[in-house]
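Structure file final_33.cif (mmCIF, C-alpha atoms and all ligand atoms) follows.
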data_upload
#
loop_
_atom_site.label_atom_id
_atom_site.label_comp_id
_atom_site.auth_asym_id
_atom_site.auth_seq_id
_atom_site.Cartn_x
_atom_site.Cartn_y
_atom_site.Cartn_z
CA MET N 1 -9.30 -23.99 2.00
CA THR N 2 -9.74 -20.26 2.23
CA ALA N 3 -7.03 -18.10 0.70
CA PRO N 4 -5.40 -15.60 3.08
CA VAL N 5 -6.71 -12.07 2.75
CA SER N 6 -3.32 -10.40 2.60
CA SER N 7 -1.47 -12.38 0.00
CA PRO N 8 -0.97 -10.04 -2.96
CA ALA N 9 0.94 -12.72 -4.90
CA LEU N 10 -2.28 -14.67 -5.33
CA PRO N 11 -4.56 -13.71 -8.21
CA VAL N 12 -7.25 -11.32 -6.98
CA GLN N 13 -10.09 -13.70 -7.75
CA LEU N 14 -8.62 -16.26 -5.33
CA GLN N 15 -8.64 -13.84 -2.44
CA ARG N 16 -11.49 -12.57 -0.35
CA GLU N 17 -11.84 -8.86 -0.76
CA ARG N 18 -12.40 -6.71 2.29
CA THR N 19 -13.28 -3.06 2.15
CA HIS N 20 -10.61 -0.84 3.67
CA ILE N 21 -11.84 2.67 2.98
CA THR N 22 -15.52 3.56 2.93
CA VAL N 23 -16.63 6.85 1.43
CA ARG N 24 -20.28 7.74 1.93
CA GLY N 25 -22.32 10.77 0.91
CA LEU N 26 -19.28 12.79 -0.06
CA SER N 27 -20.00 16.27 -1.38
CA LYS N 28 -17.60 18.97 -2.44
CA ALA N 29 -18.09 22.21 -4.36
CA PHE N 30 -15.66 24.91 -5.40
CA GLN N 31 -17.04 28.43 -5.76
CA GLY N 32 -20.61 27.16 -5.74
CA SER N 33 -19.98 24.62 -8.50
CA ALA N 34 -20.47 20.99 -7.45
CA LEU N 35 -17.58 18.62 -7.99
CA TYR N 36 -18.91 15.68 -5.96
CA GLN N 37 -22.52 15.24 -4.86
CA ASN N 38 -23.45 12.44 -2.51
CA PHE N 39 -20.58 10.29 -3.80
CA ASP N 40 -20.04 6.74 -2.47
CA LEU N 41 -16.96 4.57 -2.91
CA ASP N 42 -15.40 1.45 -1.37
CA LEU N 43 -11.66 0.95 -1.64
CA PRO N 44 -10.47 -2.63 -1.05
CA GLU N 45 -7.90 -3.61 1.54
CA GLY N 46 -4.48 -4.75 0.39
CA ARG N 47 -5.12 -3.77 -3.21
CA ILE N 48 -3.81 -1.13 -5.57
CA VAL N 49 -6.50 1.17 -6.94
CA SER N 50 -5.81 3.77 -9.64
CA ILE N 51 -8.03 6.78 -10.18
CA PHE N 52 -8.34 7.88 -13.79
CA GLY N 53 -10.68 10.25 -15.63
CA PRO N 54 -11.06 13.39 -17.73
CA ASN N 55 -9.02 16.51 -16.97
CA GLY N 56 -10.34 18.41 -14.00
CA CYS N 57 -12.88 15.71 -13.03
CA GLY N 58 -11.52 15.72 -9.50
CA LYS N 59 -9.09 12.79 -9.29
CA SER N 60 -6.64 14.60 -6.99
CA THR N 61 -9.41 16.28 -5.02
CA LEU N 62 -11.01 12.90 -4.31
CA MET N 63 -7.76 11.34 -3.12
CA ASN N 64 -6.84 14.43 -1.12
CA MET N 65 -10.23 14.46 0.62
CA ILE N 66 -9.73 10.80 1.57
CA ALA N 67 -6.19 11.56 2.76
CA GLY N 68 -7.45 14.54 4.77
CA LEU N 69 -5.53 17.19 2.82
CA ILE N 70 -8.70 18.87 1.53
CA PRO N 71 -11.81 19.30 3.72
CA VAL N 72 -15.09 17.76 2.56
CA ASP N 73 -18.32 19.77 2.51
CA ALA N 74 -20.31 16.73 3.61
CA GLY N 75 -19.88 12.99 3.94
CA LYS N 76 -18.10 10.34 5.93
CA ILE N 77 -14.80 8.60 5.27
CA LEU N 78 -13.76 5.64 7.40
CA PHE N 79 -10.67 3.43 7.33
CA ASP N 80 -11.69 -0.03 8.45
CA GLY N 81 -14.28 1.70 10.63
CA LYS N 82 -11.71 4.14 12.05
CA THR N 83 -11.29 7.84 11.43
CA LEU N 84 -8.31 9.26 9.58
CA LYS N 85 -6.83 10.46 12.88
CA GLN N 86 -6.75 6.86 14.12
CA THR N 87 -5.06 5.65 10.93
CA VAL N 88 -1.45 5.77 9.78
CA ILE N 89 -1.24 6.91 6.17
CA GLY N 90 1.60 7.75 3.80
CA TYR N 91 1.47 10.27 0.97
CA VAL N 92 3.73 10.64 -2.07
CA PHE N 93 3.51 13.96 -3.90
CA GLN N 94 3.85 14.48 -7.63
CA GLN N 95 6.64 17.06 -7.31
CA TYR N 96 9.37 15.12 -5.56
CA ARG N 97 11.72 18.10 -5.88
CA GLU N 98 9.48 20.15 -3.62
CA ALA N 99 8.49 17.27 -1.37
CA LEU N 100 11.90 16.48 0.16
CA PHE N 101 13.54 18.71 2.76
CA PRO N 102 16.54 20.06 0.83
CA TRP N 103 18.59 20.72 3.97
CA MET N 104 18.39 17.10 5.11
CA ARG N 105 20.35 14.16 3.71
CA ALA N 106 18.21 11.51 2.00
CA ILE N 107 18.53 9.23 5.01
CA ASP N 108 17.28 11.96 7.39
CA ASN N 109 14.36 12.68 5.08
CA ILE N 110 13.38 9.01 5.34
CA ALA N 111 13.87 9.00 9.13
CA TYR N 112 11.95 12.27 9.61
CA PRO N 113 8.44 10.83 10.22
CA LEU N 114 9.91 8.25 12.62
CA ARG N 115 11.75 10.88 14.66
CA ARG N 116 8.61 13.04 14.68
CA ALA N 117 6.64 10.08 16.00
CA GLY N 118 9.12 9.93 18.89
CA LEU N 119 10.93 6.70 18.03
CA GLY N 120 14.32 6.17 19.66
CA LYS N 121 17.61 6.25 17.76
CA ALA N 122 17.94 2.46 17.56
CA GLN N 123 14.35 1.98 16.35
CA VAL N 124 14.78 4.65 13.68
CA LYS N 125 18.03 3.04 12.51
CA ALA N 126 16.46 -0.42 12.37
CA ARG N 127 13.45 0.75 10.38
CA VAL N 128 15.57 2.73 7.91
CA GLU N 129 17.83 -0.31 7.41
CA GLU N 130 14.76 -2.44 6.79
CA LEU N 131 13.57 -0.01 4.10
CA VAL N 132 17.01 0.11 2.50
CA SER N 133 17.00 -3.65 2.23
CA GLU N 134 13.37 -3.82 0.99
CA PHE N 135 14.13 -1.25 -1.71
CA GLU N 136 17.53 -2.77 -2.54
CA ILE N 137 19.01 0.72 -2.49
CA ARG N 138 22.32 1.01 -4.27
CA PHE N 139 22.84 4.78 -4.14
CA ASP N 140 24.31 6.74 -1.27
CA LEU N 141 21.57 7.85 1.13
CA ASN N 142 24.01 10.21 2.83
CA ARG N 143 23.65 12.54 -0.12
CA TYR N 144 21.39 15.59 -0.18
CA PRO N 145 18.33 15.52 -2.43
CA TYR N 146 19.91 17.85 -5.03
CA GLU N 147 22.72 15.33 -5.48
CA LEU N 148 20.26 12.58 -6.49
CA SER N 149 18.52 11.86 -9.82
CA GLY N 150 14.77 12.41 -10.16
CA GLY N 151 14.06 8.69 -9.83
CA GLN N 152 16.28 8.45 -6.75
CA GLN N 153 14.53 11.42 -5.17
CA GLN N 154 11.12 9.88 -5.84
CA THR N 155 12.39 6.61 -4.33
CA VAL N 156 13.39 8.54 -1.19
CA CYS N 157 9.91 10.13 -1.09
CA ILE N 158 8.29 6.70 -1.27
CA MET N 159 10.61 5.31 1.42
CA ARG N 160 9.78 8.27 3.67
CA ALA N 161 6.05 7.73 3.12
CA LEU N 162 6.41 4.02 3.94
CA ALA N 163 8.69 4.50 6.96
CA PRO N 164 5.89 4.63 9.58
CA LYS N 165 4.34 1.44 8.07
CA PRO N 166 1.19 3.14 6.82
CA GLU N 167 -2.05 1.24 6.41
CA VAL N 168 -2.67 3.17 3.19
CA LEU N 169 -0.21 4.74 0.78
CA PHE N 170 -1.58 7.57 -1.35
CA LEU N 171 0.35 8.57 -4.48
CA ASP N 172 -0.51 11.65 -6.53
CA GLU N 173 0.78 11.19 -10.07
CA PRO N 174 4.02 9.59 -8.87
CA PHE N 175 5.36 9.10 -12.40
CA SER N 176 4.37 12.32 -14.12
CA ALA N 177 7.62 14.16 -13.41
CA LEU N 178 9.79 11.17 -14.33
CA ASP N 179 11.22 10.04 -17.65
CA TYR N 180 10.18 6.63 -18.97
CA GLU N 181 13.20 4.75 -17.66
CA MET N 182 12.58 6.10 -14.16
CA THR N 183 8.86 5.41 -14.47
CA LEU N 184 9.62 1.72 -15.11
CA PHE N 185 12.05 1.70 -12.18
CA ILE N 186 9.63 3.29 -9.70
CA ARG N 187 6.75 1.09 -10.87
CA GLU N 188 8.89 -1.96 -10.16
CA LYS N 189 9.82 -0.63 -6.71
CA LEU N 190 6.19 0.05 -5.86
CA GLN N 191 5.15 -3.39 -7.01
CA ASP N 192 7.97 -4.98 -4.96
CA VAL N 193 6.90 -3.11 -1.84
CA TYR N 194 3.31 -4.06 -2.46
CA LEU N 195 4.20 -7.73 -2.85
CA LYS N 196 6.26 -7.63 0.34
CA THR N 197 3.85 -5.65 2.51
CA GLY N 198 0.39 -5.85 0.93
CA VAL N 199 -0.17 -2.18 1.79
CA THR N 200 -3.34 -0.66 0.35
CA MET N 201 -2.39 1.85 -2.34
CA VAL N 202 -4.39 4.60 -4.02
CA ILE N 203 -2.78 6.19 -7.07
CA VAL N 204 -3.98 9.18 -9.07
CA SER N 205 -2.81 8.87 -12.64
CA HIS N 206 -2.92 10.90 -15.82
CA ASP N 207 -1.56 8.05 -17.86
CA LEU N 208 -3.67 5.05 -18.75
CA GLU N 209 -0.69 2.69 -19.01
CA ASP N 210 0.40 3.65 -15.48
CA ALA N 211 -3.16 3.38 -14.22
CA VAL N 212 -3.59 -0.16 -15.52
CA TYR N 213 -0.08 -1.54 -14.97
CA LEU N 214 0.02 -1.54 -11.17
CA SER N 215 -3.66 -1.82 -10.39
CA ASP N 216 -6.07 -4.43 -9.16
CA ARG N 217 -8.91 -1.97 -9.64
CA ILE N 218 -9.19 1.06 -11.93
CA LEU N 219 -11.65 3.71 -10.84
CA LEU N 220 -12.82 5.54 -13.94
CA LEU N 221 -14.54 8.83 -13.23
CA THR N 222 -16.96 10.92 -15.30
CA ARG N 223 -16.85 14.62 -15.98
CA ARG N 224 -18.08 16.81 -13.12
CA PRO N 225 -20.33 16.61 -11.19
CA THR N 226 -18.24 13.52 -10.86
CA ARG N 227 -19.61 10.00 -10.64
CA ILE N 228 -18.10 6.55 -11.11
CA ALA N 229 -18.13 5.69 -14.82
CA GLU N 230 -16.77 2.20 -14.17
CA TYR N 231 -14.87 0.44 -11.42
CA MET N 232 -12.82 -2.07 -13.39
CA THR N 233 -11.09 -5.13 -11.99
CA PHE N 234 -7.73 -6.07 -13.46
CA ASP N 235 -6.54 -9.35 -12.05
CA MET N 236 -3.51 -10.14 -14.18
CA PRO N 237 -1.06 -12.07 -11.96
CA ARG N 238 1.94 -10.39 -10.38
CA PRO N 239 4.73 -9.65 -10.62
CA ARG N 240 3.92 -7.67 -13.75
CA THR N 241 6.89 -6.71 -15.90
CA PRO N 242 7.39 -4.36 -18.87
CA GLU N 243 6.67 -7.43 -21.04
CA SER N 244 3.22 -7.64 -19.41
CA MET N 245 2.25 -4.58 -21.42
CA ALA N 246 2.19 -6.73 -24.56
CA ASP N 247 0.04 -9.38 -22.85
CA PRO N 248 -3.46 -9.60 -24.40
CA ARG N 249 -5.03 -9.21 -20.93
CA PHE N 250 -3.19 -5.93 -20.39
CA VAL N 251 -3.97 -4.71 -23.90
CA ALA N 252 -7.66 -5.58 -23.46
CA ALA N 253 -7.92 -3.87 -20.05
CA LYS N 254 -6.27 -0.73 -21.39
CA ALA N 255 -8.53 -0.70 -24.46
CA LYS N 256 -11.62 -1.09 -22.28
CA ALA N 257 -10.53 1.74 -19.96
CA LEU N 258 -9.75 3.93 -22.97
CA GLU N 259 -13.16 3.27 -24.47
CA ILE N 260 -14.90 4.30 -21.24
CA PHE N 261 -12.65 7.34 -20.90
CA GLN N 262 -13.41 8.48 -24.45
CA ARG N 263 -17.12 7.99 -23.90
CA GLU N 264 -16.91 10.18 -20.80
CA VAL N 265 -14.82 12.86 -22.50
CA ARG N 266 -17.35 13.09 -25.33
CA ALA N 267 -20.37 13.02 -23.02
N1 LIG N 301 -8.76 25.06 -4.40
C1 LIG N 301 -9.56 25.08 -5.46
N2 LIG N 301 -10.33 26.15 -5.72
C2 LIG N 301 -11.16 26.17 -6.78
N3 LIG N 301 -11.30 25.17 -7.65
C3 LIG N 301 -10.55 24.07 -7.44
C4 LIG N 301 -9.65 23.96 -6.34
N4 LIG N 301 -9.06 22.73 -6.38
C5 LIG N 301 -9.56 22.11 -7.47
N5 LIG N 301 -10.44 22.91 -8.11
C6 LIG N 301 -11.20 22.55 -9.29
O1 LIG N 301 -11.80 21.29 -9.10
C7 LIG N 301 -11.71 20.52 -10.27
C8 LIG N 301 -11.03 19.22 -9.98
O2 LIG N 301 -9.64 19.44 -9.70
P1 LIG N 301 -8.63 18.24 -9.51
O3 LIG N 301 -7.26 18.81 -9.48
O4 LIG N 301 -9.07 17.39 -8.39
O5 LIG N 301 -8.89 17.44 -10.84
P2 LIG N 301 -8.00 16.35 -11.52
O6 LIG N 301 -8.96 15.40 -12.16
O7 LIG N 301 -7.03 15.78 -10.57
O8 LIG N 301 -7.31 17.28 -12.58
P3 LIG N 301 -6.15 17.07 -13.62
O9 LIG N 301 -6.60 16.01 -14.55
O10 LIG N 301 -6.07 18.41 -14.28
O11 LIG N 301 -4.95 16.74 -12.80
C9 LIG N 301 -11.00 21.36 -11.32
O12 LIG N 301 -11.97 21.97 -12.12
C10 LIG N 301 -10.28 22.39 -10.50
O13 LIG N 301 -10.16 23.59 -11.20
#
Please rewrite the model in this file as structure tokens.
Ligand SMILES: Nc1ncnc2c1ncn2[C@@H]1O[C@H](COP(=O)(O)OP(=O)(O)OP(=O)(O)O)[C@@H](O)[C@H]1O
Amino acid sequence: MTAPVSSPALPVQLQRERTHITVRGLSKAFQGSALYQNFDLDLPEGRIVSIFGPNGCGKSTLMNMIAGLIPVDAGKILFDGKTLKQTVIGYVFQQYREALFPWMRAIDNIAYPLRRAGLGKAQVKARVEELVSEFEIRFDLNRYPYELSGGQQQTVCIMRALAPKPEVLFLDEPFSALDYEMTLFIREKLQDVYLKTGVTMVIVSHDLEDAVYLSDRILLLTRRPTRIAEYMTFDMPRPRTPESMADPRFVAAKAKALEIFQREVRA
């Protein structure tokens, strides 16, 4: 029997892996200095991939080129054979405080992309209610962003990004502005959403623990001009919990990633 492709609860090795995003011949330079030269990458469908590497190696630039926020100098990026314009994506910014519209209640922030896409009142309401139930929201979404905690604001950002049912969710350092308690909370929410929807996720991370915890694959980058140092697979079963961090498989994966990272930093 063949395992279904989109069943994130199954261990990765039991599932067939399909490529979702294909990056070919990507080049990018800033002020004449090459960051990426003829860079190739495949990102799997229905998986969580973290991007990790030395400071300034181009983690955010890579994700932002794939998400269409930064133009490429050369190269081709396709989503299941389609262009970015033909693909629904979601994006979660690092600075949640600046990402939400302060003049809109949380609920209107979440509904914003749906209204922009022209959905009717009833459809918007139904989708927002679905998200509220998926996220098991227990705070008042009629509040304005400034009335919410950092973790609640980041939750609203993630709900807004997921509202149009994106094929890919991009997250740029989603935990870096959060304290540890909130980091654990948001990680759990992201994992829940992933288990429920199987959405492909790409996460840029500064923190090795974050990079390993949620991921099926960890993309370790070199110093610039940036290449792939290693594209690790981490197939520890889900759901992962804070206790998973003491699991020998987690400890070993983190140690391996750290070793590669240190090698690259010293290179
Ligand atoms: N708009 C820009 N103009 C000039 N240089 C840029 C620009 N954007 C990024 N860079 C340079 O490109 C390199 C990669 O930047 P990027 O932010 O992608 O790296 P990063 O790995 O995400 O960094 P960090 O670890 O510091 O978050 C850095 O050296 C940065 O200074």
Would you give me, as CSV, each residue of chain N having an atom within 6 Å of an atom of ligand LIG 301 (chain N), along with its shortest atom pair and that distance in Å to one decimal, using only C-alpha atoms and all ligand atoms and sorting by chain and residue number?
residue,atom,partner,partner_atom,distance
N:Phe30,CA,N:LIG301,C2,4.9
N:Asn55,CA,N:LIG301,O9,3.5
N:Gly56,CA,N:LIG301,O8,3.5
N:Cys57,CA,N:LIG301,O6,4.0
N:Gly58,CA,N:LIG301,O4,3.2
N:Lys59,CA,N:LIG301,O7,3.8
N:Ser60,CA,N:LIG301,O7,3.8
N:Thr61,CA,N:LIG301,O4,3.6
Note to self: Need the shell around Phe79 in chain N: protein/DNA/RNA residues with any atom at most 12 Å away, counting only C-alpha atoms. Skip same-chain ones fewer than 4 positions apart. Format as a list in words?
What the structure shows: Arg18, Thr19, His20, Ile21, Thr22, Val23, Arg24, Asp42, Leu43, Pro44, Glu45, Ile66, Ala67, Gly68, Thr83, Leu84, Lys85, Gln86, Thr87, Val88, Ile89, Pro166, Glu167, Val168 and Thr200 of chain N
Contacts of Ile158 in chain N at 9 Å (all atoms listed in the file; same-chain gap of 6+ positions) as a compact mmCIF listing (two decimals) with C-alpha atoms, in the coordinates of the input:
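Once everything was written out, this is around_31.txt:
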# COMPACT_ATOMS: atom_id res chain seq x y z
CA GLY N 90 1.60 7.75 3.80
CA TYR N 91 1.47 10.27 0.97
CA VAL N 92 3.73 10.64 -2.07
CA ILE N 110 13.38 9.01 5.34
CA LEU N 169 -0.21 4.74 0.78
CA LEU N 171 0.35 8.57 -4.48
CA LEU N 190 6.19 0.05 -5.86
Checklist line | Pick from N:Glu173, N:Glu230, N:Glu98, N:Glu136, whichever lies nearest to Ile218 in chain N using only C-alpha atoms | finding: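 So, comparing all the options, the nearest one is N:Glu230.
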Check: Which is closest to Trp103 in chain N among N:Leu119, N:Ala161, N:Arg143, N:Ile70, if we use all atoms listed in the file?
Finding: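 With all atoms listed in the file as the atom set, the closest residue is N:Arg143.
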Notebook entry, point to check: CA of Gly53 in chain N and CA of Lys76 in chain N, how far apart in Å?
Noted result: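 Separation of CA of Lys76 in chain N and CA of Gly53 in chain N: 22.8 Å.
Straight-line separation from CA of Ser215 in chain N to CA of Asp235 in chain N: 8.2 Å.
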Using all atoms listed in the file, which residues sit within 9 Å of Arg127 in chain N once same-chain residues fewer than 2 positions away are excluded, as a PDB file with C-alpha atoms, in the coordinates of the input?
ATOM      1  CA  ALA N 111      13.870   9.000   9.130  1.00  0.00           C
ATOM      2  CA  LEU N 114       9.910   8.250  12.620  1.00  0.00           C
ATOM      3  CA  ALA N 122      17.940   2.460  17.560  1.00  0.00           C
ATOM      4  CA  GLN N 123      14.350   1.980  16.350  1.00  0.00           C
ATOM      5  CA  VAL N 124      14.780   4.650  13.680  1.00  0.00           C
ATOM      6  CA  LYS N 125      18.030   3.040  12.510  1.00  0.00           C
ATOM      7  CA  GLU N 129      17.830  -0.310   7.410  1.00  0.00           C
ATOM      8  CA  GLU N 130      14.760  -2.440   6.790  1.00  0.00           C
ATOM      9  CA  LEU N 131      13.570  -0.010   4.100  1.00  0.00           C
ATOM     10  CA  VAL N 132      17.010   0.110   2.500  1.00  0.00           C
ATOM     11  CA  ALA N 163       8.690   4.500   6.960  1.00  0.00           C
ATOM     12  CA  PRO N 164       5.890   4.630   9.580  1.00  0.00           C
TER      13      PRO N 164
END
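What separates CA of Met236 in chain N from CA of Val193 in chain N is a distance of 17.6 Å.
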Note to self: At a cut-off of 9 Å, using all atoms listed in the file, what residues contact Glu209 in chain N? Leave out same-chain residues fewer than 4 positions from it and give the result as an NGL selection string.
What the structure shows: :N and (213-214 or 245 or 254)
File of the preceding selection, C-alpha atoms, as a CSV table (one decimal), keeping the file's coordinate frame:
chain,number,residue,atom,x,y,z
N,213,TYR,CA,-0.1,-1.5,-15.0
N,214,LEU,CA,0.0,-1.5,-11.2
N,245,MET,CA,2.2,-4.6,-21.4
N,254,LYS,CA,-6.3,-0.7,-21.4
Note to self: For a quick check of understanding, using all atoms listed in the file, which of N:Ala106, N:Arg138, N:Arg224, N:Gln154 has the smallest distance to Lys28 in chain N?
What the structure shows: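 Residue with the minimum atom-to-atom distance to Lys28 in chain N: N:Arg224.
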Check: Using all atoms listed in the file, which of the listed residues (N:Pro239, N:Asp210, N:Ala34, N:Arg116) sits closest to Ala257 in chain N?
Finding: N:Asp210
Starting from the incomplete input, reconstruct N, CA and C atoms of range 184-199 of chain N and write that as a PDB file, keeping the file's coordinate frame.
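Now in result-v3.pdb:
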ATOM      1  N   LEU N 184       9.564   3.198 -15.193  1.00  0.00           N
ATOM      2  CA  LEU N 184       9.620   1.720 -15.110  1.00  0.00           C
ATOM      3  C   LEU N 184      10.268   1.290 -13.793  1.00  0.00           C
ATOM      4  N   PHE N 185      11.321   2.023 -13.401  1.00  0.00           N
ATOM      5  CA  PHE N 185      12.050   1.700 -12.180  1.00  0.00           C
ATOM      6  C   PHE N 185      11.150   1.878 -10.941  1.00  0.00           C
ATOM      7  N   ILE N 186      10.470   3.014 -10.881  1.00  0.00           N
ATOM      8  CA  ILE N 186       9.630   3.290  -9.700  1.00  0.00           C
ATOM      9  C   ILE N 186       8.418   2.351  -9.660  1.00  0.00           C
ATOM     10  N   ARG N 187       7.852   2.056 -10.833  1.00  0.00           N
ATOM     11  CA  ARG N 187       6.750   1.090 -10.870  1.00  0.00           C
ATOM     12  C   ARG N 187       7.183  -0.235 -10.271  1.00  0.00           C
ATOM     13  N   GLU N 188       8.393  -0.677 -10.653  1.00  0.00           N
ATOM     14  CA  GLU N 188       8.890  -1.960 -10.160  1.00  0.00           C
ATOM     15  C   GLU N 188       9.069  -1.906  -8.637  1.00  0.00           C
ATOM     16  N   LYS N 189       9.603  -0.777  -8.158  1.00  0.00           N
ATOM     17  CA  LYS N 189       9.820  -0.630  -6.710  1.00  0.00           C
ATOM     18  C   LYS N 189       8.476  -0.674  -5.966  1.00  0.00           C
ATOM     19  N   LEU N 190       7.498   0.029  -6.516  1.00  0.00           N
ATOM     20  CA  LEU N 190       6.190   0.050  -5.860  1.00  0.00           C
ATOM     21  C   LEU N 190       5.569  -1.340  -5.840  1.00  0.00           C
ATOM     22  N   GLN N 191       5.707  -2.048  -6.951  1.00  0.00           N
ATOM     23  CA  GLN N 191       5.150  -3.390  -7.010  1.00  0.00           C
ATOM     24  C   GLN N 191       5.873  -4.312  -6.007  1.00  0.00           C
ATOM     25  N   ASP N 192       7.208  -4.179  -5.918  1.00  0.00           N
ATOM     26  CA  ASP N 192       7.970  -4.980  -4.960  1.00  0.00           C
ATOM     27  C   ASP N 192       7.479  -4.745  -3.536  1.00  0.00           C
ATOM     28  N   VAL N 193       7.340  -3.456  -3.195  1.00  0.00           N
ATOM     29  CA  VAL N 193       6.900  -3.110  -1.840  1.00  0.00           C
ATOM     30  C   VAL N 193       5.506  -3.664  -1.593  1.00  0.00           C
ATOM     31  N   TYR N 194       4.668  -3.552  -2.589  1.00  0.00           N
ATOM     32  CA  TYR N 194       3.310  -4.060  -2.460  1.00  0.00           C
ATOM     33  C   TYR N 194       3.325  -5.571  -2.226  1.00  0.00           C
ATOM     34  N   LEU N 195       4.146  -6.273  -3.004  1.00  0.00           N
ATOM     35  CA  LEU N 195       4.200  -7.730  -2.850  1.00  0.00           C
ATOM     36  C   LEU N 195       4.766  -8.128  -1.489  1.00  0.00           C
ATOM     37  N   LYS N 196       5.676  -7.302  -0.962  1.00  0.00           N
ATOM     38  CA  LYS N 196       6.260  -7.630   0.340  1.00  0.00           C
ATOM     39  C   LYS N 196       5.346  -7.259   1.501  1.00  0.00           C
ATOM     40  N   THR N 197       4.603  -6.157   1.355  1.00  0.00           N
ATOM     41  CA  THR N 197       3.850  -5.650   2.510  1.00  0.00           C
ATOM     42  C   THR N 197       2.334  -5.779   2.366  1.00  0.00           C
ATOM     43  N   GLY N 198       1.840  -5.814   1.134  1.00  0.00           N
ATOM     44  CA  GLY N 198       0.390  -5.850   0.930  1.00  0.00           C
ATOM     45  C   GLY N 198      -0.318  -4.571   1.323  1.00  0.00           C
ATOM     46  N   VAL N 199       0.437  -3.465   1.392  1.00  0.00           N
ATOM     47  CA  VAL N 199      -0.170  -2.180   1.790  1.00  0.00           C
ATOM     48  C   VAL N 199      -1.208  -1.737   0.752  1.00  0.00           C
TER      49      VAL N 199
END
